[in-house]
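Engineer: Next up is a structure, given as structure tokens.
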Amino acid sequence: MPERTETESRKLLRRLRDTLAEAGAGQERLDRITTIIAESMQTEVCSIYLFRDSDTLELCATEGLKPESVHQTRMKIGEGLVGRVARSATPINTGDAPAAKGFRYMPETGEEVFSSFLGVPVQRLGETLGVLVVQSKDAREYSEDEVYALEVVAMVLAEMTELGAFVGEGAALAPLHKHPVMMRGGSGQEGTAEGNVWLHEPRVVVTNLVNDDPEAEVARLRAGVELLRITVDDLLKTTRSVDKEHVEVLQTYRMFAQSRGWLRRMEEDISRGLSAEAAVEKEQSSARARLQTVPDAYLRDRLHDLDDLSNRLLRILTGQGTETGAEMPERPILVARSIGPGELLDYGRKLRGIVLEEGSVGSHAAIVARALAIPLVINVARITSEALNNDHILVDGHGGIVHLRPDDAVAAAFRDKIAMQAKAQEKYASLRDKPALTACGETIALHMNAGLMADLPSLENSGADGVGLFRTELQFLLRNAVPKRSELAALYSRVMDAAGGRRVAFRTLDIGSDKVMPYMKRPDEPNPAMGWRAVRVGLDKPGVMRMQLQALIRAANGRPLSVMFPFVSQASEFDSARAQLLREIDREAALGHVLPASLEIGAMLETPSLAYAARRFFETADFISIGGNDLKQFFFAADRENELVRRRYDTLSISFLTFIEEIVKRCADTGTALSFCGEDAGRPLDALALAATGLRTLSMRPASIGPVKSMLRRADLDVVRDIIERARAEGVESTRPALLKYVSSFDDLRA
């Protein structure tokens, strides 16, 4: 790299820093910056385009274009060369701009006389804030050094934007982290909450962007990297024998920490004038930008690792550790990019709500949030960069909506909604000890789903008739090693104690797909949801299943025991699993242990293939539980985690209800007990239709039992069946509109 370029780059960055320190409004600073950059790079034009909203760029400052075009020229993302830079987050460098692909002529700017064009994204931590452009009359492409220098300047502009340098009277930008923002995501756990933001990982704020002594900054960077390497090595020593997946991540950290290319790129950034912290953050922004465009899951994981490693290095360099001294607010709403189940359990019930940038409805965090009855919204883009500790925040887990720093009108409407829900809960509480007896005299058993001891108090409070599904995998997922048989037996015994004689259906390990134990190597599968999971794993690796079955038998200790095997797709799988359980019963008897007073062995029907198994399967199974979440996505060939298709199917479609009716008839013919378990069972209108198909047992989240019971006690299933039959005869795709019309006549009822 030529010495002149290095010197000019450092000079430019110092001039920018000095401009920041001068008095003046945000627009004045932007105007001065464009002049400084144009002079330094010896170009006729320098322009700064910033996003006004998520789709629109606006010319906010320029040197060389017509001044009257500032704040008047706008374009959509992807429109023109500037819009292409913003969309791709990569530079465009051309000596003949009018001939370049996507060029858009904007006569109000007077740019037609400029041939050359260099545009680079203004990025911070992977988020594109705008575009920085230089142009010249002579037809030339800018050198690699010039492109690199402009990228460094763009990074500093992004940090200046984050620090609020361009706000104030006449500003180009509204103040950051001050205005109300509504964000949409997905519902991970229903419920509403009002509180204040508590960041799981406090933000690292880089305030010194420019260096005066490159050699000292390089030395500081190298010292930080060396301390980082030592930290990672120490972590490896303490986790090597415990957590294989964690070890793999740390080994990747060590690989990146030892990378000469990573260190060299940051040192080059320092030589051009950046501070050590700014150089790390520039590399981190590049990694995050690449992360958004990489389709390969493995590479995405590695870029995530590099992102996390950069955060560790930034904390070392800035001294901003995770312990910032901030106190958790009284009504904490946890905000994080992602979080593990163990970390979430550490927070416990003191959280009012949770908002995550990532996650899925079947993730470990979502399962724990449901167990703790904490509203959860997932996949909320940019929440961790937008929110600050103690920001006022409203969480709507029903609609997957987050209001950050809401205005008074929104907050008042939200509180009214919470008050209405609280009033409804009082009504539901009055039904706790009453049966779910329909107007036509049918009684529906309402059971609850559980997976943690924290769930069990809800059994009494919700009025559930029993536990229709106890997820046993959480005890495996929350540990760094396989739990001991004695530990599992003690836990399962406490679950039965807490149930107080009510039936508990224990589902054996449902691992695989998105549920991977920390100490289990994740298999490389193109479609994990339809791959090696649940009972398939248990039959192929029988050691853990045998140990779990022994624990369940010992936990029963003379009490009734119900065990069901998940994701059974053919009768032979159930036969093998059932035979394994009976062998363990014989073994426990031979050892002189107390056997269960009675034993029920069932299967979860989660694949359409099992619905058409031979009659012998239905005769052999003591009970069958329809796993609605999986069954529905396989029935409709639509992934429930994929927002593009998840809402394309409807539980109340005639095709799905007809399929459920067929399962009900097959079980009725053989006298096999049948239940429906899943999210749909907890939706009052859906539960009403399921009951009308002939299902007499539904299992759901504890919080749903009250609303479902209220609906069932007002409804006549004969009328509902007539509505379904009429829709079938008319060829209507879904019965939802007709059922909504029917229940709208119920007083004071939210369907």
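Lettering and numbering for the structure tokens are positional, with chains as A, B, ... in the shown order, residues counted from 1 in each chain, and ligands counted from 1 in the shown order.
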Output as a PyMOL selection string all residues of stretch 358-538 of chain A that backbone DSSP marks as strand (DSSP E).
Structural biologist: chain A and resi 376-378+392-396+401-404+445-450+467-471+504-507
Engineer: As a ChimeraX atom specification, please: every residue in stretch 72-113 of chain A that DSSP puts in alpha helix (DSSP H).
Structural biologist: /A:80-88
Engineer: Export N, CA and C atoms of the chosen residues as a CSV table (one decimal), in the first residue's frame?
Structural biologist:
```csv
chain,number,residue,atom,x,y,z
A,80,GLY,N,-31.4,2.6,-9.5
A,80,GLY,CA,-30.2,3.4,-9.8
A,80,GLY,C,-28.9,2.7,-9.2
A,81,LEU,N,-27.8,3.3,-9.5
A,81,LEU,CA,-26.5,2.7,-9.0
A,81,LEU,C,-26.4,2.8,-7.5
A,82,VAL,N,-26.9,4.0,-6.9
A,82,VAL,CA,-26.9,4.1,-5.5
A,82,VAL,C,-27.8,3.1,-4.8
A,83,GLY,N,-29.0,2.9,-5.4
A,83,GLY,CA,-29.9,1.9,-4.9
A,83,GLY,C,-29.3,0.5,-5.0
A,84,ARG,N,-28.6,0.2,-6.0
A,84,ARG,CA,-27.9,-1.1,-6.2
A,84,ARG,C,-26.9,-1.4,-5.1
A,85,VAL,N,-26.1,-0.3,-4.8
A,85,VAL,CA,-25.1,-0.4,-3.7
A,85,VAL,C,-25.8,-0.7,-2.4
A,86,ALA,N,-26.9,0.0,-2.1
A,86,ALA,CA,-27.6,-0.2,-0.9
A,86,ALA,C,-28.2,-1.7,-0.8
A,87,ARG,N,-28.7,-2.2,-1.9
A,87,ARG,CA,-29.3,-3.5,-1.9
A,87,ARG,C,-28.3,-4.6,-1.7
A,88,SER,N,-27.2,-4.5,-2.5
A,88,SER,CA,-26.2,-5.5,-2.4
A,88,SER,C,-25.2,-5.4,-1.3
```
Engineer: With distances taken over only C-alpha atoms, which residue among A:Glu112, A:Glu159, A:Glu79, A:Asp396 lies nearest A:Lys66?
Structural biologist: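 The answer is A:Glu112, which sits nearest to A:Lys66.
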Engineer: Compile the contact shell of A:Arg184 as an NGL selection string: residues with an atom at most 7 Å away, counting only C-alpha atoms, same-chain residues fewer than 3 positions apart removed.
Structural biologist: :A and (380 or 400-402)
Engineer: Output the selection as a PDB file, in the first residue's frame - N, CA and C atoms for each residue.
Structural biologist:
```
ATOM      1  N   VAL A 380     -37.384 -10.661  15.360  1.00  0.00           N
ATOM      2  CA  VAL A 380     -37.600  -9.206  15.301  1.00  0.00           C
ATOM      3  C   VAL A 380     -36.296  -8.570  14.822  1.00  0.00           C
ATOM      4  N   GLY A 400     -47.210 -11.031  17.536  1.00  0.00           N
ATOM      5  CA  GLY A 400     -45.802 -10.946  17.165  1.00  0.00           C
ATOM      6  C   GLY A 400     -45.365  -9.511  16.907  1.00  0.00           C
ATOM      7  N   ILE A 401     -45.862  -8.569  17.737  1.00  0.00           N
ATOM      8  CA  ILE A 401     -45.579  -7.142  17.541  1.00  0.00           C
ATOM      9  C   ILE A 401     -44.881  -6.580  18.771  1.00  0.00           C
ATOM     10  N   VAL A 402     -43.904  -5.710  18.526  1.00  0.00           N
ATOM     11  CA  VAL A 402     -43.176  -5.039  19.602  1.00  0.00           C
ATOM     12  C   VAL A 402     -43.261  -3.535  19.377  1.00  0.00           C
TER      13      VAL A 402
END
```
Engineer: Determine, for each residue of stretch 387-441 of chain A having at least one atom at most 9 Å from an atom of stretch 343-363 of chain A, the closest pair of atoms and their separation in Å to one decimal, counting only C-alpha atoms; order by chain and ascending number, as CSV.
Structural biologist:
```
residue,atom,partner,partner_atom,distance
A:Leu394,CA,A:Gly353,CA,8.8
A:Val395,CA,A:Gly353,CA,6.7
A:Gly397,CA,A:Gly353,CA,8.6
A:Val402,CA,A:Val355,CA,8.0
```
Engineer: Store the residues picked out above, limited to C-alpha atoms, as a PDB file, in the first residue's frame.
Structural biologist:
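Saved as selection13.pdb:
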```pdb
ATOM      1  CA  LEU A 394     -44.623  -3.244  24.847  1.00  0.00           C
ATOM      2  CA  VAL A 395     -44.695  -6.899  23.779  1.00  0.00           C
ATOM      3  CA  GLY A 397     -47.002 -12.173  21.855  1.00  0.00           C
ATOM      4  CA  VAL A 402     -43.176  -5.039  19.602  1.00  0.00           C
TER       5      VAL A 402
END
```
Engineer: I'd like the neighbourhood of A:Tyr742 as a PyMOL selection string, where a residue qualifies if any of its atoms comes within 9 Å (using only C-alpha atoms), though same-chain residues fewer than 4 positions away should be ignored.
Structural biologist: chain A and resi 719-720+723+737-738+746
Engineer: Name the residues in contact with A:Gly451 at a cut-off of 9 Å, using only C-alpha atoms, excluding same-chain residues fewer than 4 positions from it; report them as a PDB file with N, CA and C atoms, in the first residue's frame.
Structural biologist:
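In the end it all went to out_34.pdb:
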```pdb
ATOM      1  N   ILE A 367     -39.797 -23.097  24.007  1.00  0.00           N
ATOM      2  CA  ILE A 367     -40.350 -24.121  24.900  1.00  0.00           C
ATOM      3  C   ILE A 367     -40.269 -23.666  26.349  1.00  0.00           C
ATOM      4  N   VAL A 368     -39.126 -23.090  26.734  1.00  0.00           N
ATOM      5  CA  VAL A 368     -38.965 -22.612  28.106  1.00  0.00           C
ATOM      6  C   VAL A 368     -39.900 -21.436  28.362  1.00  0.00           C
ATOM      7  N   ALA A 371     -43.212 -22.732  29.063  1.00  0.00           N
ATOM      8  CA  ALA A 371     -43.270 -23.351  30.387  1.00  0.00           C
ATOM      9  C   ALA A 371     -43.412 -22.298  31.480  1.00  0.00           C
ATOM     10  N   ASP A 455     -43.806 -25.948  35.215  1.00  0.00           N
ATOM     11  CA  ASP A 455     -45.139 -26.045  34.618  1.00  0.00           C
ATOM     12  C   ASP A 455     -46.185 -26.561  35.594  1.00  0.00           C
ATOM     13  N   LEU A 456     -45.768 -27.419  36.525  1.00  0.00           N
ATOM     14  CA  LEU A 456     -46.725 -28.230  37.277  1.00  0.00           C
ATOM     15  C   LEU A 456     -47.697 -27.444  38.162  1.00  0.00           C
ATOM     16  N   LEU A 469     -49.197 -34.297  27.787  1.00  0.00           N
ATOM     17  CA  LEU A 469     -47.865 -34.419  27.191  1.00  0.00           C
ATOM     18  C   LEU A 469     -46.841 -33.833  28.146  1.00  0.00           C
ATOM     19  N   PHE A 470     -45.930 -34.694  28.631  1.00  0.00           N
ATOM     20  CA  PHE A 470     -44.789 -34.178  29.382  1.00  0.00           C
ATOM     21  C   PHE A 470     -43.552 -34.407  28.522  1.00  0.00           C
ATOM     22  N   ARG A 471     -42.934 -33.304  28.080  1.00  0.00           N
ATOM     23  CA  ARG A 471     -41.757 -33.387  27.213  1.00  0.00           C
ATOM     24  C   ARG A 471     -40.530 -33.740  28.050  1.00  0.00           C
ATOM     25  N   THR A 472     -39.984 -34.897  27.817  1.00  0.00           N
ATOM     26  CA  THR A 472     -38.843 -35.330  28.646  1.00  0.00           C
ATOM     27  C   THR A 472     -37.503 -34.840  28.104  1.00  0.00           C
ATOM     28  N   GLU A 473     -37.479 -34.270  26.905  1.00  0.00           N
ATOM     29  CA  GLU A 473     -36.182 -33.908  26.325  1.00  0.00           C
ATOM     30  C   GLU A 473     -35.552 -32.681  26.962  1.00  0.00           C
ATOM     31  N   LEU A 474     -36.367 -31.828  27.615  1.00  0.00           N
ATOM     32  CA  LEU A 474     -35.800 -30.601  28.163  1.00  0.00           C
ATOM     33  C   LEU A 474     -34.726 -30.890  29.201  1.00  0.00           C
ATOM     34  N   GLN A 475     -34.886 -31.950  29.976  1.00  0.00           N
ATOM     35  CA  GLN A 475     -33.874 -32.289  30.989  1.00  0.00           C
ATOM     36  C   GLN A 475     -32.558 -32.684  30.326  1.00  0.00           C
TER      37      GLN A 475
END
```
Engineer: Quick check, in Å to one decimal: how far apart do atom CA of A:Gly627 and atom CA of A:Val708 lie?
Structural biologist: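 Here the two named atoms are 18.1 Å from each other.
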